[in-house]
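Text of input23.tsv (TSV, C-alpha atoms) as supplied:
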```tsv
chain	number	residue	atom	x	y	z
A	21	MET	CA	21.52	41.97	-30.80
A	22	ARG	CA	21.08	41.29	-27.11
A	23	ILE	CA	17.93	43.36	-27.02
A	24	PHE	CA	16.47	41.49	-29.96
A	25	SER	CA	16.97	38.09	-28.47
A	26	LEU	CA	15.50	39.32	-25.24
A	27	LEU	CA	12.41	40.61	-27.00
A	28	PHE	CA	12.19	37.41	-28.94
A	29	LEU	CA	12.36	35.34	-25.79
A	30	SER	CA	9.82	37.35	-23.88
A	31	PHE	CA	7.46	37.20	-26.84
A	32	PHE	CA	7.62	33.41	-26.73
A	33	ALA	CA	7.24	33.38	-22.99
A	34	LEU	CA	4.06	35.42	-23.37
A	35	ILE	CA	2.54	33.14	-25.96
A	36	SER	CA	3.33	29.91	-24.20
A	37	CYS	CA	2.16	31.31	-20.91
A	38	ASN	CA	-1.18	32.33	-22.39
A	39	GLU	CA	-1.74	28.93	-23.87
A	40	SER	CA	-0.90	26.90	-20.81
A	41	ASP	CA	-3.09	29.04	-18.56
A	42	LYS	CA	-6.31	28.74	-20.49
A	43	LEU	CA	-8.43	25.72	-19.68
A	44	PRO	CA	-9.65	23.67	-22.64
A	45	TYR	CA	-13.27	23.48	-23.78
A	46	LEU	CA	-14.45	19.92	-23.16
A	47	GLY	CA	-16.99	17.78	-24.94
A	48	ASP	CA	-18.17	17.58	-28.54
A	49	THR	CA	-18.14	20.74	-30.61
A	50	LYS	CA	-21.10	21.56	-32.82
A	51	ILE	CA	-21.16	23.65	-35.98
A	52	VAL	CA	-23.66	26.47	-35.64
A	53	ASP	CA	-23.94	28.96	-38.56
A	54	GLY	CA	-20.62	27.75	-39.87
A	55	GLU	CA	-18.88	28.33	-36.57
A	56	LYS	CA	-17.51	25.77	-34.17
A	57	VAL	CA	-19.33	25.92	-30.83
A	58	PRO	CA	-18.05	23.92	-27.86
A	59	HIS	CA	-20.39	21.67	-25.87
A	60	THR	CA	-22.79	23.79	-23.81
A	61	VAL	CA	-24.82	22.58	-20.83
A	62	ASN	CA	-28.58	22.33	-21.37
A	63	ALA	CA	-31.25	24.60	-19.96
A	64	PHE	CA	-32.99	23.38	-16.81
A	65	SER	CA	-35.57	24.40	-14.25
A	66	PHE	CA	-35.74	22.69	-10.85
A	67	TYR	CA	-36.63	23.45	-7.23
A	68	ASN	CA	-33.89	24.12	-4.70
A	69	GLN	CA	-33.89	23.24	-0.99
A	70	GLU	CA	-35.64	26.50	-0.16
A	71	GLY	CA	-38.53	25.98	-2.56
A	72	ASP	CA	-37.25	28.45	-5.18
A	73	ILE	CA	-37.24	27.59	-8.86
A	74	ILE	CA	-33.69	27.72	-10.16
A	75	THR	CA	-32.80	27.79	-13.86
A	76	GLN	CA	-29.61	28.06	-15.89
A	77	ASN	CA	-30.24	31.83	-15.98
A	78	ASP	CA	-29.33	31.98	-12.30
A	79	TYR	CA	-25.80	31.03	-13.36
A	80	LYS	CA	-25.19	33.62	-16.07
A	81	GLU	CA	-22.76	35.55	-13.85
A	82	SER	CA	-21.37	32.52	-12.07
A	83	ILE	CA	-18.86	29.76	-12.37
A	84	GLN	CA	-20.78	26.55	-11.64
A	85	ILE	CA	-19.34	23.61	-9.80
A	86	ALA	CA	-21.81	20.79	-10.28
A	87	ASP	CA	-22.33	17.21	-9.19
A	88	PHE	CA	-25.10	14.60	-9.15
A	89	PHE	CA	-26.02	12.80	-5.94
A	90	PHE	CA	-28.85	11.59	-3.74
A	91	THR	CA	-29.17	11.94	0.00
A	92	LYS	CA	-29.67	8.21	0.59
A	93	CYS	CA	-26.60	7.24	-1.46
A	94	PRO	CA	-24.53	5.02	0.83
A	95	THR	CA	-21.29	4.64	-1.10
A	96	ILE	CA	-19.59	7.34	-3.17
A	97	CYS	CA	-21.73	10.43	-2.50
A	98	PRO	CA	-20.53	11.04	1.05
A	99	THR	CA	-16.95	11.26	-0.23
A	100	VAL	CA	-17.85	13.41	-3.25
A	101	MET	CA	-19.98	15.71	-1.10
A	102	GLY	CA	-17.16	15.96	1.43
A	103	ASN	CA	-14.94	17.27	-1.35
A	104	MET	CA	-17.69	19.64	-2.53
A	105	VAL	CA	-17.81	21.00	1.04
A	106	THR	CA	-14.05	21.63	0.90
A	107	ILE	CA	-14.59	23.63	-2.32
A	108	TYR	CA	-17.55	25.48	-0.77
A	109	ASP	CA	-15.45	26.49	2.23
A	110	LYS	CA	-12.50	27.56	0.10
A	111	TYR	CA	-14.60	29.88	-2.11
A	112	GLU	CA	-17.16	30.96	0.46
A	113	ALA	CA	-16.14	34.62	0.10
A	114	ASN	CA	-16.02	34.55	-3.71
A	115	PRO	CA	-19.52	35.32	-5.05
A	116	THR	CA	-18.80	34.15	-8.61
A	117	ILE	CA	-18.31	30.58	-7.45
A	118	LYS	CA	-21.60	28.69	-7.00
A	119	LEU	CA	-22.11	25.03	-6.23
A	120	VAL	CA	-25.03	23.04	-7.57
A	121	SER	CA	-25.99	19.46	-6.74
A	122	PHE	CA	-28.65	17.73	-8.80
A	123	SER	CA	-30.55	14.91	-7.08
A	124	LEU	CA	-30.89	11.66	-9.01
A	125	ASP	CA	-33.54	10.39	-6.61
A	126	PRO	CA	-36.24	13.07	-6.57
A	127	LYS	CA	-38.83	10.64	-5.19
A	128	ARG	CA	-37.00	10.44	-1.87
A	129	ASP	CA	-35.24	13.81	-2.18
A	130	SER	CA	-38.16	16.15	-1.61
A	131	ILE	CA	-37.50	19.85	-1.10
A	132	SER	CA	-37.65	19.34	2.67
A	133	ALA	CA	-35.30	16.31	2.51
A	134	LEU	CA	-32.79	18.47	0.63
A	135	ALA	CA	-33.27	21.29	3.14
A	136	ALA	CA	-32.43	18.94	6.02
A	137	TYR	CA	-29.41	17.59	4.14
A	138	ALA	CA	-28.02	21.05	3.39
A	139	GLU	CA	-28.63	22.09	6.97
A	140	ASN	CA	-26.72	19.04	8.22
A	141	LEU	CA	-23.83	19.83	5.86
A	142	GLU	CA	-23.96	23.41	7.15
A	143	VAL	CA	-24.18	24.94	3.67
A	144	LYS	CA	-26.61	27.51	2.27
A	145	ALA	CA	-28.62	28.34	-0.87
A	146	PRO	CA	-28.10	30.04	-3.29
A	147	LYS	CA	-24.33	29.66	-2.83
A	148	TRP	CA	-25.01	25.94	-2.98
A	149	ASN	CA	-28.33	24.92	-4.51
A	150	MET	CA	-29.47	21.33	-4.14
A	151	LEU	CA	-31.99	20.69	-6.87
A	152	THR	CA	-34.90	18.32	-7.33
A	153	GLY	CA	-37.65	17.93	-9.92
A	154	GLU	CA	-38.73	15.48	-12.59
A	155	LYS	CA	-36.61	12.35	-12.54
A	156	GLU	CA	-36.33	12.03	-16.34
A	157	LYS	CA	-35.11	15.60	-16.64
A	158	LEU	CA	-32.58	15.20	-13.84
A	159	HIS	CA	-31.22	11.95	-15.27
A	160	GLY	CA	-31.17	13.46	-18.76
A	161	LEU	CA	-29.14	16.41	-17.59
A	162	ALA	CA	-26.56	14.14	-15.95
A	163	SER	CA	-25.12	12.91	-19.26
A	164	ASN	CA	-25.09	16.48	-20.53
A	165	TYR	CA	-22.89	17.24	-17.49
A	166	PHE	CA	-20.54	14.29	-18.21
A	167	ASN	CA	-22.10	11.96	-15.64
A	168	ILE	CA	-23.40	8.45	-16.20
A	169	VAL	CA	-26.53	7.27	-14.39
A	170	VAL	CA	-28.09	3.83	-14.42
A	171	GLU	CA	-30.97	2.72	-12.22
A	172	ASP	CA	-30.06	-0.64	-10.78
A	173	GLU	CA	-31.90	-2.44	-8.02
A	174	GLU	CA	-28.75	-4.37	-7.16
A	175	ALA	CA	-26.66	-1.23	-6.66
A	176	PRO	CA	-26.34	0.16	-3.15
A	177	GLY	CA	-29.14	2.75	-2.83
A	178	GLY	CA	-30.69	1.62	-6.15
A	179	ILE	CA	-28.79	3.95	-8.50
A	180	ASN	CA	-25.39	3.49	-10.10
A	181	HIS	CA	-23.71	6.71	-11.07
A	182	SER	CA	-20.33	8.30	-11.61
A	183	GLY	CA	-19.27	10.77	-8.96
A	184	LYS	CA	-17.87	13.42	-11.24
A	185	ILE	CA	-17.54	17.07	-10.26
A	186	ILE	CA	-17.86	19.41	-13.24
A	187	LEU	CA	-16.57	22.95	-13.77
A	188	VAL	CA	-18.87	25.06	-15.97
A	189	ASP	CA	-17.95	28.61	-17.01
A	190	LYS	CA	-20.28	31.64	-17.21
A	191	GLU	CA	-21.08	30.81	-20.83
A	192	GLY	CA	-22.24	27.29	-19.92
A	193	LYS	CA	-19.15	25.56	-21.31
A	194	VAL	CA	-17.55	22.64	-19.49
A	195	ARG	CA	-13.92	23.51	-18.68
A	196	SER	CA	-12.78	20.78	-16.30
A	197	PHE	CA	-13.95	17.76	-14.34
A	198	ALA	CA	-12.69	15.40	-11.67
A	199	ASP	CA	-13.57	12.08	-10.11
A	200	GLY	CA	-15.02	13.43	-6.87
A	201	THR	CA	-13.85	10.40	-4.90
A	202	ASP	CA	-10.16	10.85	-5.81
A	203	PRO	CA	-8.33	13.34	-3.56
A	204	ASP	CA	-5.51	13.95	-6.10
A	205	GLU	CA	-7.95	14.70	-8.91
A	206	VAL	CA	-9.92	17.03	-6.67
A	207	GLU	CA	-6.73	18.89	-5.78
A	208	ARG	CA	-5.96	19.37	-9.48
A	209	PHE	CA	-9.59	20.41	-10.08
A	210	ILE	CA	-9.23	23.18	-7.48
A	211	THR	CA	-6.22	24.59	-9.36
A	212	ASP	CA	-8.44	24.54	-12.48
A	213	ILE	CA	-11.08	26.59	-10.64
A	214	ASP	CA	-8.38	29.16	-9.83
A	215	LYS	CA	-7.29	29.25	-13.48
A	216	LEU	CA	-10.87	29.92	-14.61
A	217	ILE	CA	-11.23	32.71	-12.05
A	218	GLU	CA	-8.01	34.26	-13.38
A	219	GLU	CA	-9.26	33.96	-16.94
A	220	TYR	CA	-12.25	36.19	-16.12
A	221	GLU	CA	-10.14	38.58	-14.08
A	222	ALA	CA	-7.74	39.00	-17.01
A	223	ASP	CA	-10.60	40.05	-19.34
B	24	MET	CA	23.30	-8.54	16.23
B	25	ARG	CA	20.73	-11.14	15.19
B	26	LEU	CA	18.90	-10.52	18.41
B	27	ILE	CA	18.64	-6.80	17.73
B	28	LYS	CA	17.14	-7.43	14.32
B	29	LEU	CA	14.64	-9.78	15.88
B	30	PHE	CA	13.68	-7.16	18.42
B	31	ILE	CA	13.22	-4.55	15.72
B	32	LEU	CA	11.00	-6.92	13.79
B	33	LEU	CA	8.97	-7.72	16.87
B	34	PHE	CA	8.62	-4.04	17.56
B	35	ILE	CA	7.33	-3.31	14.09
B	36	PHE	CA	4.79	-6.10	14.26
B	37	SER	CA	3.54	-5.15	17.67
B	38	CYS	CA	2.88	-1.62	16.43
B	39	GLN	CA	0.59	-2.88	13.72
B	40	SER	CA	-3.00	-3.09	14.88
B	41	PRO	CA	-4.67	-6.47	15.18
B	42	TYR	CA	-7.86	-7.20	13.26
B	43	GLN	CA	-6.45	-6.13	9.90
B	44	LYS	CA	-9.46	-7.49	8.03
B	45	GLY	CA	-11.87	-5.54	10.19
B	46	GLU	CA	-9.80	-2.40	9.78
B	47	LYS	CA	-9.81	-2.77	6.01
B	48	LEU	CA	-13.57	-3.40	5.92
B	49	PHE	CA	-14.06	-0.28	8.01
B	50	SER	CA	-12.12	1.86	5.53
B	51	GLN	CA	-14.03	0.34	2.61
B	52	HIS	CA	-17.56	0.46	3.99
B	53	CYS	CA	-17.74	2.91	6.85
B	54	SER	CA	-15.16	5.67	6.61
B	55	ASN	CA	-16.78	7.29	3.55
B	56	CYS	CA	-19.41	8.54	6.01
B	57	HIS	CA	-17.85	8.33	9.46
B	58	GLY	CA	-14.42	9.56	8.32
B	59	ALA	CA	-11.04	7.82	8.07
B	60	GLU	CA	-10.50	8.29	11.81
B	61	ALA	CA	-14.20	7.83	12.62
B	62	GLU	CA	-14.26	11.57	13.37
B	63	GLY	CA	-17.70	12.10	11.77
B	64	PHE	CA	-18.75	14.75	9.27
B	65	ARG	CA	-20.57	17.95	10.27
B	66	LYS	CA	-24.16	17.31	11.38
B	67	LEU	CA	-24.63	14.62	8.77
B	68	TYR	CA	-22.61	11.66	10.07
B	69	PRO	CA	-21.76	11.16	13.75
B	70	PRO	CA	-18.27	10.27	14.91
B	71	ILE	CA	-17.78	6.86	16.44
B	72	THR	CA	-16.40	7.34	19.93
B	73	LYS	CA	-15.98	5.22	23.03
B	74	ASP	CA	-19.15	6.70	24.59
B	75	LEU	CA	-21.26	6.28	21.50
B	76	TYR	CA	-19.98	2.89	20.59
B	77	SER	CA	-20.53	1.51	24.06
B	78	THR	CA	-24.23	2.38	23.82
B	79	TYR	CA	-24.56	0.76	20.40
B	80	SER	CA	-22.13	-2.18	20.64
B	81	ASP	CA	-24.85	-4.68	21.70
B	82	LYS	CA	-26.76	-3.95	18.52
B	83	ILE	CA	-23.82	-3.30	16.20
B	84	VAL	CA	-24.22	-6.42	14.04
B	85	CYS	CA	-27.85	-5.51	13.33
B	86	ILE	CA	-26.90	-1.87	12.71
B	87	ILE	CA	-24.27	-2.86	10.15
B	88	ARG	CA	-26.67	-5.08	8.24
B	89	TYR	CA	-29.96	-3.21	8.63
B	90	GLY	CA	-28.94	0.38	9.35
B	91	LEU	CA	-29.96	2.75	12.12
B	92	ASN	CA	-32.67	5.37	12.38
B	93	ASP	CA	-32.38	6.77	15.89
B	94	SER	CA	-31.94	10.52	15.26
B	95	LEU	CA	-29.26	10.26	17.91
B	96	VAL	CA	-27.99	13.27	19.80
B	97	TYR	CA	-24.31	13.61	20.64
B	98	ASN	CA	-22.43	16.66	21.94
B	99	GLY	CA	-25.57	18.71	21.41
B	100	ILE	CA	-25.87	17.79	17.74
B	101	GLN	CA	-28.87	15.87	16.49
B	102	TYR	CA	-28.07	13.50	13.64
B	103	SER	CA	-31.36	13.40	11.80
B	104	SER	CA	-30.21	11.35	8.83
B	105	SER	CA	-30.31	7.59	9.03
B	106	MET	CA	-27.61	5.04	8.41
B	107	PRO	CA	-28.41	2.71	5.50
B	108	GLY	CA	-28.07	-1.05	5.94
B	109	ASN	CA	-25.29	-2.89	4.15
B	110	ASP	CA	-26.24	-6.15	2.44
B	111	ILE	CA	-22.89	-6.65	0.75
B	112	LEU	CA	-21.04	-7.56	3.95
B	113	SER	CA	-21.15	-11.29	4.76
B	114	ASP	CA	-21.70	-12.69	8.26
B	115	ILE	CA	-17.96	-13.34	8.52
B	116	ASP	CA	-17.19	-9.75	7.44
B	117	ILE	CA	-19.47	-8.54	10.21
B	118	VAL	CA	-17.64	-10.64	12.82
B	119	ASN	CA	-14.31	-9.23	11.61
B	120	LEU	CA	-15.70	-5.71	11.77
B	121	LYS	CA	-17.13	-6.18	15.25
B	122	ASN	CA	-13.81	-7.57	16.52
B	123	TYR	CA	-12.06	-4.50	15.16
B	124	LEU	CA	-14.63	-2.04	16.54
B	125	ASP	CA	-14.58	-3.66	20.01
B	126	TRP	CA	-10.81	-3.35	20.04
B	127	LYS	CA	-10.67	0.16	18.62
B	128	PHE	CA	-13.40	1.79	20.71
B	129	LEU	CA	-13.69	-0.39	23.83
B	130	ALA	CA	-10.08	-1.59	23.99
B	131	GLU	CA	-11.39	-5.14	24.22
B	132	ASN	CA	-9.57	-8.03	22.61
B	133	LYS	CA	-12.56	-10.11	21.75
B	134	TYR	CA	-12.97	-12.84	19.25
B	135	ASN	CA	-16.71	-12.83	18.67
B	136	SER	CA	-18.04	-16.19	17.57
B	137	LEU	CA	-19.58	-16.66	14.15
B	138	PRO	CA	-22.55	-18.78	15.37
B	139	GLN	CA	-23.36	-16.15	17.98
B	140	VAL	CA	-23.30	-13.33	15.38
B	141	LYS	CA	-25.39	-15.41	12.97
B	142	LYS	CA	-27.97	-15.90	15.70
B	143	GLU	CA	-28.00	-12.18	16.50
B	144	LEU	CA	-28.51	-11.40	12.82
B	145	VAL	CA	-31.54	-13.70	12.69
B	146	ASP	CA	-32.98	-12.05	15.80
B	147	CYS	CA	-32.49	-8.48	14.52
B	148	LYS	CA	-35.98	-8.03	13.21
```

Please re-express this file's structure in structure tokens.
Amino acid sequence: MRIFSLLFLSFFALISCNESDKLPYLGDTKIVDGEKVPHTVNAFSFYNQEGDIITQNDYKESIQIADFFFTKCPTICPTVMGNMVTIYDKYEANPTIKLVSFSLDPKRDSISALAAYAENLEVKAPKWNMLTGEKEKLHGLASNYFNIVVEDEEAPGGINHSGKIILVDKEGKVRSFADGTDPDEVERFITDIDKLIEEYEAD
Amino acid sequence: MRLIKLFILLFIFSCQSPYQKGEKLFSQHCSNCHGAEAEGFRKLYPPITKDLYSTYSDKIVCIIRYGLNDSLVYNGIQYSSSMPGNDILSDIDIVNLKNYLDWKFLAENKYNSLPQVKKELVDCK
């Protein structure tokens, strides 16, 4: 009898533990060929700070940590980027973790402007690509990555946007996000990164 | 007994920094770049120190409103990015900020006058 209840208990422990460890799939699901497919980030092709074209294919083997910013942003970006730097430093030795920052202000954020910015932050491509290209495409991608962007002359720096940091898995699915200006949310987000790493290690 | 309580109260109040408004404005409008303790961030944003502030204090009201593009060098680091101007802060906010900065970095208890700061702001350009 004892043995049975023990087995029973450990069985439950296993199930519940599996469930709580797996991060959810976020965003709207689509039905493709009769199967539910979670929201997947769109394809893209932009230049990074070193003048290389980077596409979503560069992230097939990587966990992406993404945000949207612009170098002349006076208000929230410095805080969000500060937190991105913390993440960069923490996972510097882990090659599956890659950071990617999409510029919302490609007119001012030329390749060389992004190179200077990355150099000043003391971070390197391709571990952390800062991307620029056509404005419409960059702004379009933002909503696909759970960010809101509105051009507004009244806003400091001319663009209003949400400073979200997004966690994208190797399959292009969004698994977590955080308000990049909120230290508590960022701390929770980092535990989510660790969970996703474990998920792949368990496979 | 009363007296002791009074002393404790006095003690607490004297520990609090003066220029509360300026301090708050600093944390709302400046520390996102310069850091909560004005310690700076990598090679992107310089710290604000006694040395640095004393060279810029004459122009600080103009810097706050119109920004700074000096590519300044400090401790061997060149800060090539520029500081954007801030057109949200009112003239009075700028006086409060300057009072706080003068106290924090130059240890001066100044009460800068509003008309003087207004005049400086007109003369910036």

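A straight line drawn from atom CA of A:Gly71 to atom CA of A:Ala86 is 19.1 Å long.
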
Please, which residues in chain A fall within 6 Å of chain B when counting all atoms listed in the file, and what is the closest atom pair and distance in Å to one decimal for each, ordered by chain then residue number, as CSV?
```
residue,atom,partner,partner_atom,distance
A:Pro98,CA,B:Cys56,CA,5.7
A:Thr99,CA,B:Asn55,CA,5.5
A:Asn140,CA,B:Lys66,CA,4.4
A:Leu141,CA,B:Arg65,CA,5.8
```

Exercise for the section: Would you list the contacts of stretch 121-128 of chain B as an MDAnalysis selection string, taking every protein, DNA or RNA residue within 10 Å and counting all atoms listed in the file, but skipping same-chain residues closer than 3 positions in sequence? Expected result: chainID B and resid 40:49 71:77 80 83:84 87 115:118 131:136 140

Contacts of A:Thr49 at 10 Å or less, counting only C-alpha atoms, minus same-chain residues fewer than 4 places along, as an mmCIF file with C-alpha atoms, in the coordinates of the input?
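Result written to around-v4.cif:
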```cif
data_model
loop_
_atom_site.group_PDB
_atom_site.id
_atom_site.type_symbol
_atom_site.label_atom_id
_atom_site.label_comp_id
_atom_site.auth_asym_id
_atom_site.auth_seq_id
_atom_site.Cartn_x
_atom_site.Cartn_y
_atom_site.Cartn_z
ATOM 1 C CA TYR A 45 -13.270 23.480 -23.780
ATOM 2 C CA GLU A 55 -18.880 28.330 -36.570
ATOM 3 C CA LYS A 56 -17.510 25.770 -34.170
ATOM 4 C CA VAL A 57 -19.330 25.920 -30.830
ATOM 5 C CA PRO A 58 -18.050 23.920 -27.860
ATOM 6 C CA HIS A 59 -20.390 21.670 -25.870
ATOM 7 C CA THR A 60 -22.790 23.790 -23.810
#
```

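Among the candidates B:Ile27, B:Pro69, B:Lys142, B:Glu60, the one nearest to B:Val96 when counting all atoms listed in the file is B:Pro69.
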
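In this model, the gap between atom CA of A:Lys42 and atom CA of A:Val194 comes to 12.8 Å.
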
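If only C-alpha atoms are the atoms counted, then among B:Leu144, B:Leu112, B:Leu120, B:Leu137 the closest residue to B:Cys85 is B:Leu144.
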
Practice task
Name the residues in contact with stretch 162-179 of chain A at a cut-off of 12 Å, using only C-alpha atoms, excluding same-chain residues fewer than 5 positions from it; report them as a PyMOL selection string.
Solution key: (chain A and resi 46-48+59-64+84-97+120-126+128+155-157+184-188+192-200) or (chain B and resi 52+106-112)

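Note that the spacing between atom CA of A:Tyr67 and atom CA of A:Asp214 amounts to 28.9 Å.
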
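Proximity of B:Leu129, B:Asn98, B:Glu143, B:Asn92 to B:Asp114, computed with all atoms listed in the file, is greatest for B:Glu143.
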
Handout entry: Contacts of A:Lys80 within 10 Å, only C-alpha atoms, excl. fewer than 5 positions in-chain, as a PyMOL selection string
Key = chain A and resi 75+116+189-192

Fill in the blank from the handout: Of B:Gln139, B:Tyr97, B:Arg88, B:Asp81, the one sitting nearest B:Gly63 when using all atoms listed in the file is B:Tyr97

Exercise for the section: Up to 8 Å from (-33.5, -4.5, 13.6) in the file's coordinates: name the residues, counting all atoms listed in the file, as a ChimeraX atom specification. Expected result: /B:85-86,89-90,146-148
